[in-house]
$ cat my_file.csv   # CSV, C-alpha atoms
chain,number,residue,atom,x,y,z
A,1,MET,CA,178.4,84.9,195.1
A,2,PRO,CA,180.2,83.1,197.9
A,3,GLU,CA,183.5,81.4,197.3
A,4,PRO,CA,183.6,77.6,197.2
A,5,SER,CA,184.5,76.1,200.5
A,6,GLU,CA,187.7,74.5,199.2
A,7,VAL,CA,188.9,77.9,198.0
A,8,ARG,CA,188.3,79.5,201.3
A,9,GLU,CA,190.1,76.7,203.0
A,10,ALA,CA,193.1,77.1,200.7
A,11,VAL,CA,193.4,80.7,201.8
A,12,PRO,CA,193.2,80.7,205.6
A,13,LEU,CA,193.5,83.6,207.9
A,14,PRO,CA,196.9,84.8,208.9
A,15,PRO,CA,198.7,82.2,211.0
A,16,ALA,CA,199.0,82.5,214.7
A,17,PRO,CA,202.2,84.0,216.1
A,18,PRO,CA,205.2,81.6,215.9
A,19,PRO,CA,206.2,79.8,219.0
A,20,PRO,CA,209.2,81.0,221.0
A,21,ALA,CA,212.5,80.3,219.2
A,22,SER,CA,214.2,77.1,220.1
A,23,PRO,CA,217.7,76.9,221.4
A,24,GLY,CA,218.9,75.8,218.0
A,25,ALA,CA,217.7,79.1,216.4
A,26,GLY,CA,220.3,81.0,218.4
A,27,ALA,CA,223.0,78.5,217.4
A,28,ALA,CA,222.0,79.0,213.7
A,29,GLY,CA,222.2,82.7,214.1
A,30,ARG,CA,225.7,82.5,215.7
A,31,SER,CA,226.7,80.2,212.8
A,32,VAL,CA,225.6,82.7,210.2
A,33,THR,CA,227.5,85.5,212.1
A,34,ALA,CA,230.6,83.4,212.2
A,35,ARG,CA,230.5,82.6,208.5
A,36,ALA,CA,229.8,86.2,207.7
A,37,THR,CA,232.7,87.4,209.9
A,38,LEU,CA,235.0,84.9,208.3
A,39,ALA,CA,233.9,85.9,204.8
A,40,GLY,CA,234.5,89.6,205.6
A,41,ALA,CA,238.0,88.9,207.0
A,42,VAL,CA,239.0,86.8,204.0
A,43,VAL,CA,237.8,89.4,201.5
A,44,SER,CA,239.5,92.2,203.4
A,45,LEU,CA,242.7,90.3,203.5
A,46,LEU,CA,242.6,89.6,199.8
A,47,LEU,CA,242.0,93.3,199.1
A,48,ILE,CA,245.0,94.2,201.2
A,49,VAL,CA,247.2,91.7,199.3
A,50,ALA,CA,245.8,93.1,196.0
A,51,ILE,CA,246.7,96.6,197.1
A,52,VAL,CA,250.2,95.7,198.0
A,53,LEU,CA,250.9,93.7,194.8
A,54,GLY,CA,249.0,96.0,192.5
A,55,SER,CA,250.9,99.0,193.7
A,56,ARG,CA,254.2,97.2,193.1
A,57,LEU,CA,254.9,96.6,196.8
A,58,LEU,CA,253.5,100.0,197.7
A,59,ARG,CA,256.0,101.9,195.4
A,60,ASP,CA,253.0,103.5,193.5
A,61,PHE,CA,250.9,103.8,196.7
A,62,ASP,CA,250.2,107.5,197.6
A,63,SER,CA,250.3,107.8,201.4
A,64,ALA,CA,248.1,110.8,201.2
A,65,LEU,CA,245.3,108.5,200.1
A,66,LEU,CA,245.8,106.1,203.0
A,67,PRO,CA,242.4,107.0,204.7
A,68,TYR,CA,240.6,106.2,201.5
A,69,ALA,CA,242.4,102.9,201.1
A,70,VAL,CA,241.6,101.9,204.7
A,71,ALA,CA,238.0,102.8,204.1
A,72,THR,CA,237.8,100.5,201.1
A,73,VAL,CA,239.1,97.7,203.3
A,74,PHE,CA,236.3,98.3,205.8
A,75,LEU,CA,233.9,98.5,202.8
A,76,ALA,CA,235.1,95.1,201.6
A,77,PHE,CA,234.6,93.6,205.0
A,78,GLY,CA,231.1,95.1,205.4
A,79,VAL,CA,230.0,94.1,201.9
A,80,ALA,CA,231.2,90.5,202.4
A,81,TYR,CA,229.7,90.3,205.9
A,82,ARG,CA,226.3,91.7,204.9
A,83,TYR,CA,226.1,89.7,201.6
A,84,THR,CA,226.8,86.5,203.5
A,85,VAL,CA,224.1,87.3,206.0
A,86,TRP,CA,221.7,88.2,203.2
A,87,VAL,CA,222.1,85.0,201.2
A,88,SER,CA,221.8,82.9,204.4
A,89,ALA,CA,218.1,83.8,204.7
A,90,PRO,CA,215.9,81.1,203.1
A,91,GLY,CA,214.2,83.4,200.6
A,92,ALA,CA,217.4,85.1,199.4
A,93,GLN,CA,219.3,81.9,199.4
A,94,ARG,CA,216.8,80.2,197.1
A,95,LEU,CA,216.6,83.2,194.8
A,96,PHE,CA,220.4,83.4,194.8
A,97,LYS,CA,220.8,79.8,193.7
A,98,LYS,CA,218.1,80.0,191.1
A,99,GLY,CA,219.4,83.3,189.7
A,100,PHE,CA,223.0,82.4,189.4
A,101,GLY,CA,222.1,78.9,188.2
A,102,SER,CA,220.3,80.5,185.3
A,103,PHE,CA,223.1,83.0,184.8
A,104,PHE,CA,225.8,80.4,184.3
A,105,SER,CA,223.5,77.8,182.6
A,106,ALA,CA,225.0,76.5,179.3
A,107,ALA,CA,221.5,75.5,178.2
A,108,ASN,CA,220.3,79.1,178.6
A,109,PHE,CA,223.3,80.4,176.8
A,110,ARG,CA,222.7,78.1,173.8
A,111,SER,CA,219.0,78.9,173.6
A,112,ALA,CA,219.3,82.6,174.2
A,113,PRO,CA,222.9,83.8,173.7
A,114,THR,CA,222.0,87.5,173.8
A,115,ALA,CA,219.8,87.3,176.9
A,116,VAL,CA,222.6,87.9,179.4
A,117,PRO,CA,224.3,91.0,177.8
A,118,ARG,CA,220.8,92.4,177.0
A,119,MET,CA,219.7,92.1,180.6
A,120,LEU,CA,222.9,93.4,181.9
A,121,ALA,CA,222.5,96.5,179.7
A,122,THR,CA,218.7,97.1,180.2
A,123,TYR,CA,218.2,95.9,183.8
A,124,LEU,CA,221.5,96.6,185.5
A,125,GLY,CA,222.9,99.5,183.3
A,126,PHE,CA,219.9,101.5,182.1
A,127,GLN,CA,217.3,100.2,184.6
A,128,LYS,CA,214.4,100.3,182.3
A,129,PHE,CA,212.1,99.1,185.0
A,130,LEU,CA,212.5,102.5,186.7
A,131,GLY,CA,211.3,104.2,183.6
A,132,ALA,CA,208.0,102.4,183.8
A,133,ARG,CA,207.4,104.1,187.2
A,134,SER,CA,208.5,107.7,186.3
A,135,ARG,CA,210.7,109.1,183.6
A,136,SER,CA,212.0,111.8,185.9
A,137,ARG,CA,213.0,109.3,188.6
A,138,TRP,CA,214.6,107.2,185.9
A,139,ALA,CA,216.7,110.1,184.6
A,140,ALA,CA,217.8,111.1,188.1
A,141,HIS,CA,218.7,107.6,188.9
A,142,GLN,CA,220.7,107.3,185.7
A,143,LEU,CA,222.7,110.5,186.6
A,144,ILE,CA,223.5,109.1,190.0
A,145,PHE,CA,224.3,105.6,188.7
A,146,TRP,CA,226.7,106.6,185.9
A,147,GLY,CA,228.3,109.4,188.0
A,148,CYS,CA,229.0,106.9,190.8
A,149,VAL,CA,230.3,104.2,188.4
A,150,LEU,CA,232.7,106.8,186.8
A,151,ALA,CA,233.9,107.9,190.2
A,152,ALA,CA,234.4,104.4,191.4
A,153,LEU,CA,236.3,103.4,188.3
A,154,ILE,CA,238.7,106.3,188.8
A,155,THR,CA,238.9,106.5,192.6
A,156,PHE,CA,239.4,102.9,193.7
A,157,PRO,CA,242.3,102.0,191.4
A,158,LEU,CA,243.9,105.4,192.1
A,159,THR,CA,243.5,104.9,195.8
A,160,TRP,CA,245.0,101.4,195.7
A,161,GLY,CA,248.0,102.6,193.6
A,162,TRP,CA,247.0,100.4,190.7
A,163,PHE,CA,247.2,103.3,188.2
A,164,THR,CA,249.0,106.6,188.4
A,165,PHE,CA,249.3,109.8,186.5
A,166,THR,CA,252.9,111.0,186.1
A,167,SER,CA,254.4,114.0,184.4
A,168,SER,CA,258.1,114.4,183.4
A,169,THR,CA,257.8,118.1,184.2
A,170,GLY,CA,256.1,117.7,187.5
A,171,SER,CA,253.2,119.9,186.7
A,172,GLY,CA,252.1,119.0,183.2
A,173,PRO,CA,250.5,119.6,180.9
A,174,GLY,CA,251.8,116.3,179.5
A,175,TYR,CA,250.9,113.2,181.6
A,176,GLU,CA,251.3,109.5,181.4
A,177,MET,CA,248.8,107.0,182.7
A,178,ARG,CA,250.4,103.9,184.0
A,179,ILE,CA,248.6,100.7,185.2
A,180,TRP,CA,250.6,98.5,187.5
A,181,GLY,CA,253.7,100.4,186.4
A,182,PHE,CA,253.1,99.9,182.7
A,183,LYS,CA,252.5,102.9,180.5
A,184,VAL,CA,249.1,102.7,178.9
A,185,LEU,CA,248.9,106.1,177.2
A,186,GLY,CA,250.1,109.7,177.3
A,187,PHE,CA,247.9,112.7,177.0
A,188,ASP,CA,247.9,116.5,177.2
A,189,SER,CA,245.7,117.8,180.0
A,190,LEU,CA,244.9,120.9,177.9
A,191,ASP,CA,243.3,118.9,175.1
A,192,PHE,CA,239.6,118.1,175.3
A,193,LEU,CA,240.1,114.3,175.8
A,194,GLY,CA,243.0,114.9,178.2
A,195,TRP,CA,241.0,117.4,180.1
A,196,LEU,CA,238.1,114.9,180.5
A,197,MET,CA,240.5,112.2,181.7
A,198,PHE,CA,242.2,114.6,184.2
A,199,HIS,CA,238.9,115.9,185.5
A,200,GLY,CA,236.9,112.7,185.4
A,201,LEU,CA,235.9,113.0,189.0
A,202,ASP,CA,234.6,116.5,188.3
A,203,VAL,CA,232.5,115.1,185.5
A,204,ALA,CA,231.1,112.4,187.9
A,205,ALA,CA,230.3,115.1,190.4
A,206,VAL,CA,228.4,117.2,187.8
A,207,LEU,CA,226.3,114.0,187.0
A,208,VAL,CA,225.6,113.1,190.7
A,209,ILE,CA,224.6,116.5,192.0
A,210,PRO,CA,221.4,117.0,189.9
A,211,GLY,CA,220.3,113.4,190.4
A,212,ALA,CA,220.8,113.4,194.1
A,213,SER,CA,219.2,116.9,194.5
A,214,TYR,CA,216.1,115.7,192.6
A,215,PHE,CA,215.6,112.8,195.0
A,216,LEU,CA,216.3,115.0,198.0
A,217,TRP,CA,213.8,117.6,196.7
A,218,ARG,CA,211.2,114.8,196.1
A,219,ARG,CA,211.6,113.4,199.6
A,220,MET,CA,211.0,116.9,201.0
A,221,LYS,CA,207.9,117.6,198.8
A,222,ASP,CA,206.3,114.3,197.9
A,223,ARG,CA,203.7,113.2,200.5
A,224,GLY,CA,204.1,109.5,199.7
A,225,ALA,CA,207.9,109.7,200.1
A,226,ILE,CA,207.6,111.8,203.3
A,227,THR,CA,205.3,109.4,205.2
A,228,GLY,CA,207.7,106.4,205.1
A,229,GLN,CA,211.1,108.0,204.9
A,230,ARG,CA,213.8,107.7,207.6
A,231,PHE,CA,216.6,110.2,207.9
A,232,ALA,CA,219.5,107.8,208.3
A,233,TYR,CA,218.2,105.4,205.6
A,234,ASP,CA,216.6,107.7,203.0
A,235,LEU,CA,218.0,111.3,203.4
A,236,LEU,CA,221.6,110.7,204.7
A,237,PRO,CA,222.8,108.8,201.6
A,238,LEU,CA,221.6,111.6,199.3
A,239,ILE,CA,223.2,114.3,201.5
A,240,CYS,CA,226.5,112.3,201.5
A,241,LEU,CA,226.5,112.1,197.7
A,242,ILE,CA,225.9,115.9,197.4
A,243,VAL,CA,228.6,116.7,200.0
A,244,ILE,CA,231.2,114.5,198.3
A,245,SER,CA,230.4,116.0,194.9
A,246,VAL,CA,230.3,119.6,196.0
A,247,THR,CA,233.5,119.4,198.0
A,248,GLY,CA,235.2,117.6,195.1
A,249,LEU,CA,234.3,120.4,192.7
A,250,LEU,CA,235.4,123.0,195.3
A,251,LEU,CA,238.8,121.4,195.4
A,252,THR,CA,239.2,121.9,191.7
A,253,PHE,CA,237.8,125.5,192.0
A,254,SER,CA,240.3,126.2,194.8
A,255,SER,CA,243.3,124.9,192.9
A,256,ILE,CA,242.4,126.8,189.7
A,257,PHE,CA,240.9,130.1,190.8
A,258,LEU,CA,242.0,130.6,194.4
A,259,HIS,CA,245.6,129.4,194.1
A,260,GLY,CA,244.9,126.7,196.7
A,261,GLY,CA,243.0,128.9,199.2
A,262,GLY,CA,241.1,126.8,201.6
A,263,TYR,CA,242.3,123.6,199.9
A,264,GLU,CA,243.4,121.9,203.1
A,265,PHE,CA,240.0,122.3,204.8
A,266,LEU,CA,238.1,121.2,201.7
A,267,ALA,CA,240.3,118.2,201.3
A,268,LEU,CA,239.7,117.2,204.9
A,269,LEU,CA,235.9,117.7,204.6
A,270,HIS,CA,235.9,115.7,201.3
A,271,MET,CA,238.0,112.9,202.8
A,272,VAL,CA,235.7,112.6,205.9
A,273,SER,CA,232.6,112.5,203.7
A,274,VAL,CA,234.0,109.9,201.4
A,275,VAL,CA,235.3,107.7,204.2
A,276,PHE,CA,232.0,107.9,206.0
A,277,THR,CA,230.0,107.0,202.9
A,278,LEU,CA,232.2,104.0,202.0
A,279,ILE,CA,231.8,102.6,205.5
A,280,TYR,CA,228.1,103.3,205.4
A,281,ILE,CA,227.4,101.5,202.1
A,282,PRO,CA,227.1,97.9,203.4
A,283,PHE,CA,224.8,98.8,206.2
A,284,GLY,CA,222.5,101.4,204.6
A,285,LYS,CA,220.4,102.0,201.6
A,286,PHE,CA,223.4,101.8,199.2
A,287,PHE,CA,223.6,98.1,199.9
A,288,HIS,CA,221.1,97.6,197.0
A,289,ILE,CA,224.0,98.4,194.7
A,290,VAL,CA,225.6,95.1,195.8
A,291,GLN,CA,222.4,93.2,195.6
A,292,ARG,CA,221.3,94.4,192.2
A,293,PRO,CA,223.6,92.1,190.1
A,294,ALA,CA,222.0,89.1,191.7
A,295,ALA,CA,218.6,90.2,190.4
A,296,VAL,CA,219.9,89.9,186.8
A,297,GLY,CA,220.1,86.2,187.3
A,298,MET,CA,216.6,86.1,188.7
A,299,GLN,CA,215.3,88.0,185.7
A,300,LEU,CA,217.0,85.5,183.4
A,301,PHE,CA,215.4,82.7,185.3
A,302,LYS,CA,211.9,84.2,184.6
A,303,TYR,CA,212.8,85.1,181.0
A,304,THR,CA,213.8,81.6,180.1
A,305,ALA,CA,210.6,80.2,181.6
A,306,ARG,CA,208.5,82.7,179.6
A,307,ARG,CA,210.3,81.7,176.4
A,308,ASP,CA,209.2,78.1,177.1
A,309,ASP,CA,205.6,79.2,177.8
A,310,GLN,CA,205.8,78.2,181.4
A,311,VAL,CA,203.2,80.7,182.6
A,312,PHE,CA,201.2,80.1,185.7
A,313,ALA,CA,197.6,81.2,185.5
A,314,CYS,CA,195.5,82.3,188.5
A,315,LYS,CA,193.4,79.5,189.8
A,316,ARG,CA,190.4,81.8,190.3
A,317,CYS,CA,190.3,84.1,187.2
A,318,GLY,CA,192.8,82.5,184.8
A,319,GLU,CA,194.9,85.6,184.4
A,320,PRO,CA,198.7,85.1,184.2
A,321,VAL,CA,200.4,85.4,187.6
A,322,ASP,CA,204.0,84.8,186.8
A,323,THR,CA,206.2,82.0,185.4
A,324,THR,CA,205.5,78.5,186.8
A,325,PRO,CA,209.1,78.1,188.0
A,326,TYR,CA,209.0,81.4,189.8
A,327,VAL,CA,205.7,80.5,191.5
A,328,GLU,CA,207.1,77.1,192.6
A,329,ASN,CA,210.2,78.8,193.9
A,330,LEU,CA,208.0,81.2,195.9
A,331,ARG,CA,206.0,78.3,197.3
A,332,GLY,CA,209.2,76.5,198.3
A,333,THR,CA,210.4,79.7,200.1
A,334,MET,CA,207.2,80.0,202.0
A,335,GLN,CA,207.6,76.3,203.1
A,336,ASP,CA,211.1,77.0,204.2
A,337,LEU,CA,209.9,79.9,206.3
A,338,LYS,CA,207.1,77.6,207.7
A,339,LEU,CA,204.4,79.9,206.4
A,340,ASP,CA,201.3,77.7,206.2
A,341,PHE,CA,199.4,79.5,203.5
A,342,ASN,CA,201.7,78.8,200.5
A,343,ALA,CA,198.6,78.0,198.3
A,344,PHE,CA,198.1,81.8,198.3
A,345,VAL,CA,200.8,82.2,195.7
A,346,GLU,CA,198.5,80.5,193.1
A,347,TYR,CA,196.2,83.6,192.8
A,348,CYS,CA,196.7,87.0,191.2
A,349,PRO,CA,196.8,90.1,193.5
A,350,ARG,CA,193.2,91.0,192.8
A,351,CYS,CA,191.9,87.5,193.6
A,352,LYS,CA,194.1,87.4,196.7
A,353,ARG,CA,192.3,90.5,198.0
A,354,MET,CA,188.9,89.1,197.3
A,355,LEU,CA,189.7,85.7,198.8
A,356,ARG,CA,191.1,87.3,201.8
A,357,GLY,CA,187.9,89.3,202.3
A,358,GLY,CA,185.9,86.2,201.8
A,359,ALA,CA,187.9,84.3,204.4
A,360,TYR,CA,187.4,87.0,206.9
A,361,LEU,CA,183.7,87.1,206.3
A,362,ALA,CA,183.5,83.4,206.8
A,363,HIS,CA,184.9,83.8,210.3
A,364,VAL,CA,183.6,87.2,211.4
A,365,LYS,CA,179.9,88.0,211.2
A,366,LYS,CA,178.8,90.9,209.0
A,367,GLY,CA,178.3,94.1,210.9
A,368,PHE,CA,180.8,93.2,213.6
A,369,LYS,CA,182.3,96.4,215.2

$ encode --input "my_file.csv" --output "C-alpha cells"
Amino acid sequence: MPEPSEVREAVPLPPAPPPPASPGAGAAGRSVTARATLAGAVVSLLLIVAIVLGSRLLRDFDSALLPYAVATVFLAFGVAYRYTVWVSAPGAQRLFKKGFGSFFSAANFRSAPTAVPRMLATYLGFQKFLGARSRSRWAAHQLIFWGCVLAALITFPLTWGWFTFTSSTGSGPGYEMRIWGFKVLGFDSLDFLGWLMFHGLDVAAVLVIPGASYFLWRRMKDRGAITGQRFAYDLLPLICLIVISVTGLLLTFSSIFLHGGGYEFLALLHMVSVVFTLIYIPFGKFFHIVQRPAAVGMQLFKYTARRDDQVFACKRCGEPVDTTPYVENLRGTMQDLKLDFNAFVEYCPRCKRMLRGGAYLAHVKKGFK
C-alpha cells in the first residue's frame, strides 16, 4: 500500500551537496583551534606544576622516569586539545551539555540517588552493553580495561614522584610506600599482599596480554572486522599494548632470573613503546577512553526520561523509538547541522528504511536501470 503523501514529504531524498563554505567557516575553525591549543597549554602547565609540587619540589622525582613524565605532559596537551575540538562540534556539544546537566542535576539525584553510582559501575566500569554483543568480547575488553586502569593508577603517580617505595636496607624486603612524602604503609615484598603491591604492573600486564591478543586474533580472522579495519587505527593500539606488557614482564624476568641480563635494552624498548602509546592516545582509537565518561551523563539523561514515561513512539508503527527528550535533542542537533530532514528522527529504524524506499519509488520509475 503506498504511503500517504504527507509522510513521503516528511522524509525527502538526501539533500543536495552543501554550498561552498563561507569565509566565516574558516574563521570559526581557526577559533576552535585557538581555543583547543589554549586549553592544551593550560592543562599541560597545570600538570607540570602538579608534578613539581607533588614531588616536593622534585625531591621525590626520579630522573630515570623523565621520558615518561614528559610523555604524560604531551598526553595532557593532546587530550585537552582533542576534547575541546570534539565538544565544539554541534552534535557533541549538545550531548555534552545535556549529559553533564543530568549528571550534576540535583533533581535527578533526589529522584534517583543510586542512578549515578549504578551507571558508573555498570556502564563505565563493567560495560554491560558490550556483553549484549558478545560475551567473549566483553571478557577481553574487561581484561584490557582493568589492566590499563591498574597500570595507570601505579605508573602515573610513580612517574610524577607523587608516591615512592623506599627501603631502609636499600634492597628490601621491607618497603615503605609514601604519598607526597607521608608514609602510608609498610609492607614486606615477600608476603603475598606485599608481592602484589610490588608487582602490580606485572599483574596488569598479565591481564592486558590475553585481552589484547584476543582482539588482535579476531581482527586477523573475523571477516567483518577485516573489511573495515585500518592498521594505524585498529591494529597498532593492540600491538602497542602487547609490546608494553611483554617488555614489562621481561624486565621482571631479567632482574629475577637473568641477574639483569639484557635489562638495559628491554628498559629502552619498554620506554619507547610506553612513550609512543601515551602520545598516540589523544589522536587514535584510545581517545574513546576519554570520551566514555561523558556517555554516562547521556545515559542518565535517557534513564530519567524513561522513569518519567517520556517515551517517543514511531509515527508510523507506534513502536518505541527512544525517550522524547533524546529525540528532541537529536532533532535540534540536525537543525544545528542544517540537515533538512530532521523529521526522519520520528520513525523507528524499520520504518525509516521503508519510507526511504517509498520516497525513492516516488521519484524514480520502477524498472529504472

$ closest_residue --input "my_file.csv" --among "A:Gly357, A:Gly211, A:Asp62, A:Gly99" --to "Pro325 in chain A" --atoms "all atoms listed in the file"
A:Gly99

$ closest_residue --input "my_file.csv" --among "A:Tyr175, A:Phe187, A:Trp146, A:Phe182" --to "Ala204 in chain A" --atoms "all atoms listed in the file"
A:Trp146

$ closest_residue --input "my_file.csv" --among "A:Glu346, A:Asp322, A:Ile144, A:Ala313" --to "Ile289 in chain A" --atoms "only C-alpha atoms"
A:Ile144

$ residues_around --input "my_file.csv" --residues "Arg218 in chain A" --least-positions-apart "3" --cutoff "12 Å" --atoms "only C-alpha atoms" --output "JSON, numbers by chain"
{"A": [136, 137, 140, 211, 212, 213, 214, 215, 221, 222, 223, 224, 225, 226, 229, 234, 235, 238]}

$ write_last_selection --input "my_file.csv" --atoms "C-alpha atoms" --output "compact mmCIF listing (two decimals), in the coordinates of the input"
# COMPACT_ATOMS: atom_id res chain seq x y z
CA SER A 136 212.00 111.80 185.90
CA ARG A 137 213.00 109.30 188.60
CA ALA A 140 217.80 111.10 188.10
CA GLY A 211 220.30 113.40 190.40
CA ALA A 212 220.80 113.40 194.10
CA SER A 213 219.20 116.90 194.50
CA TYR A 214 216.10 115.70 192.60
CA PHE A 215 215.60 112.80 195.00
CA LYS A 221 207.90 117.60 198.80
CA ASP A 222 206.30 114.30 197.90
CA ARG A 223 203.70 113.20 200.50
CA GLY A 224 204.10 109.50 199.70
CA ALA A 225 207.90 109.70 200.10
CA ILE A 226 207.60 111.80 203.30
CA GLN A 229 211.10 108.00 204.90
CA ASP A 234 216.60 107.70 203.00
CA LEU A 235 218.00 111.30 203.40
CA LEU A 238 221.60 111.60 199.30

$ atom_distance --input "my_file.csv" --atom1 "CA of Gly297 in chain A" --atom2 "CA of Gln127 in chain A"
14.5 Å

$ atom_distance --input "my_file.csv" --atom1 "CA of Ile244 in chain A" --atom2 "CA of Pro282 in chain A"
17.8 Å

$ atom_distance --input "my_file.csv" --atom1 "CA of Leu216 in chain A" --atom2 "CA of Ala152 in chain A"
22.0 Å

$ residues_around --input "my_file.csv" --residues "Ala112 in chain A" --least-positions-apart "5" --cutoff "10 Å" --atoms "all atoms listed in the file" --output "MDAnalysis selection string"
chainID A and resid 106:107 300 303:304 307

$ write_last_selection --input "my_file.csv" --atoms "C-alpha atoms" --output "PDB file, in the frame of the given file"
ATOM      1  CA  ALA A 106     225.000  76.500 179.300  1.00  0.00           C
ATOM      2  CA  ALA A 107     221.500  75.500 178.200  1.00  0.00           C
ATOM      3  CA  LEU A 300     217.000  85.500 183.400  1.00  0.00           C
ATOM      4  CA  TYR A 303     212.800  85.100 181.000  1.00  0.00           C
ATOM      5  CA  THR A 304     213.800  81.600 180.100  1.00  0.00           C
ATOM      6  CA  ARG A 307     210.300  81.700 176.400  1.00  0.00           C
TER       7      ARG A 307
END

$ closest_residue --input "my_file.csv" --among "A:Met119, A:Ile281, A:Ser63, A:Gly318" --to "Cys351 in chain A" --atoms "all atoms listed in the file"
A:Gly318

$ closest_residue --input "my_file.csv" --among "A:Gly248, A:Pro293, A:Pro90, A:Pro113" --to "Val272 in chain A" --atoms "only C-alpha atoms"
A:Gly248

$ closest_residue --input "my_file.csv" --among "A:Ala295, A:Cys314, A:Leu266, A:Leu47" --to "Lys98 in chain A" --atoms "only C-alpha atoms"
A:Ala295

$ residues_near_point --input "my_file.csv" --point "(233.3, 94.9, 209.1)" --cutoff "9 Å" --atoms "all atoms listed in the file" --output "number ranges by chain"
A: 37, 40-41, 44, 73-82, 279, 282

$ write_last_selection --input "my_file.csv" --atoms "C-alpha atoms" --output "PDB file, in the frame of the given file"
ATOM      1  CA  THR A  37     232.700  87.400 209.900  1.00  0.00           C
ATOM      2  CA  GLY A  40     234.500  89.600 205.600  1.00  0.00           C
ATOM      3  CA  ALA A  41     238.000  88.900 207.000  1.00  0.00           C
ATOM      4  CA  SER A  44     239.500  92.200 203.400  1.00  0.00           C
ATOM      5  CA  VAL A  73     239.100  97.700 203.300  1.00  0.00           C
ATOM      6  CA  PHE A  74     236.300  98.300 205.800  1.00  0.00           C
ATOM      7  CA  LEU A  75     233.900  98.500 202.800  1.00  0.00           C
ATOM      8  CA  ALA A  76     235.100  95.100 201.600  1.00  0.00           C
ATOM      9  CA  PHE A  77     234.600  93.600 205.000  1.00  0.00           C
ATOM     10  CA  GLY A  78     231.100  95.100 205.400  1.00  0.00           C
ATOM     11  CA  VAL A  79     230.000  94.100 201.900  1.00  0.00           C
ATOM     12  CA  ALA A  80     231.200  90.500 202.400  1.00  0.00           C
ATOM     13  CA  TYR A  81     229.700  90.300 205.900  1.00  0.00           C
ATOM     14  CA  ARG A  82     226.300  91.700 204.900  1.00  0.00           C
ATOM     15  CA  ILE A 279     231.800 102.600 205.500  1.00  0.00           C
ATOM     16  CA  PRO A 282     227.100  97.900 203.400  1.00  0.00           C
TER      17      PRO A 282
END
